[in-house]
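Colleague: Shown below is the structure under consideration.
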Amino acid sequence: MKNKGEILASILKNFKDCHFFLHNTREFNVVENIMNEGFIFESQLPHSTDRVNPNEPIEVTYFLFQRKDYGLYTIIIAIPKVIYEIYSAVSNNNDTGMEEVLTITDPYFGENDELIYTVSPKHILGYFNIKTSEFSQNRNWDPFFNNCQFRSPGKKHEKSGKK
């Protein structure tokens, strides 16, 4: 019998050639909001998510075990590698962070004086219910979505009062 991490890894393998970032939450209304409006995060995507490789089921299992206290719903951000490479090239060419390219909204400073960004709902593959081991795909996910076609990356932002 497969454990939950192995189940999730086998699901993710069906979505070939993507980079996967996982985030857990407790409330189902938060899941719905993220799938419809995007994933809001502070500072850098790796601060709010864990990148996993579905070819390493033990890695996915470890994530689910480590993050279970954050909630039973695992949000799955899936960015096709081709699109991710475009984002990376734009980031390098514009001397700006990947988050500036990835965000669908203009970044703003949050309560912690850190920049806040939003990943498009078109990059939200869906969610995995840890309790039931069920995966629900987001109807908004679009493997061909390229944010660079809709928004040019901004310049580097500095905290107020700093130069």
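For the structure tokens, the naming scheme is as follows: chains receive sequential letters (A, B, ...) according to their order of presentation, residues are indexed from 1 within each chain, and ligands are indexed from 1 in presentation order.
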Write out, as a Markdown table, each residue of segment 41-81 of chain A that has an atom at most 10 Å from segment 12-21 of chain A, together with the closest pair of atoms and their distance in Å to one decimal, counting only C-alpha atoms, rows going by chain and rising number.

Modeller:
| residue | atom | partner | partner_atom | distance |
| --- | --- | --- | --- | --- |
| A:Leu45 | CA | A:Phe21 | CA | 8.5 |
| A:Pro46 | CA | A:Phe21 | CA | 8.2 |
| A:Ser48 | CA | A:Phe21 | CA | 9.2 |
| A:Thr49 | CA | A:Phe21 | CA | 5.7 |
| A:Asp50 | CA | A:Phe21 | CA | 5.3 |
| A:Arg51 | CA | A:Phe21 | CA | 4.3 |
| A:Val52 | CA | A:Phe20 | CA | 5.7 |
| A:Asn53 | CA | A:Phe20 | CA | 6.9 |
| A:Pro54 | CA | A:Lys13 | CA | 5.8 |
| A:Asn55 | CA | A:Lys13 | CA | 7.2 |
| A:Thr74 | CA | A:Phe21 | CA | 9.8 |
| A:Ile75 | CA | A:Phe21 | CA | 8.1 |
| A:Ile76 | CA | A:Phe21 | CA | 5.9 |
| A:Ile77 | CA | A:Phe21 | CA | 5.0 |
| A:Ala78 | CA | A:Phe20 | CA | 4.7 |
| A:Ile79 | CA | A:Cys18 | CA | 5.2 |
| A:Pro80 | CA | A:Cys18 | CA | 3.9 |
| A:Lys81 | CA | A:Cys18 | CA | 5.0 |

Colleague: Would you kindly return, as number ranges by chain, each protein, DNA or RNA residue with an atom no farther than 12 Å from any atom of Tyr127 of chain A, considering only C-alpha atoms and excluding same-chain residues fewer than 2 positions away?

Modeller: A: 8, 11-12, 20-28, 30-35, 71-78, 123-125, 129-130, 132-139, 141

Colleague: Give me, please, the distance in Å between atom CA of Lys122 of chain A and atom CA of Gln66 of chain A, quoted to one decimal.

Modeller: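 Computing it gives 26.8 Å between the two atoms.
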
Colleague: So that I can check the surroundings of Phe65 of chain A, please list as a ChimeraX atom specification every protein, DNA and RNA residue that reaches within 10 Å of it, counting only C-alpha atoms and ignoring chain neighbours fewer than 4 positions away.

Modeller: /A:4-5,59-61,69

Colleague: Could you go through segment 9-156 of chain A and tell me which residues DSSP, when run on the backbone, assigns to alpha helix (DSSP H), listing them as an NGL selection string?

Modeller: :A and (9-12 or 28-37 or 45-48 or 57-67 or 81-93 or 98-102)
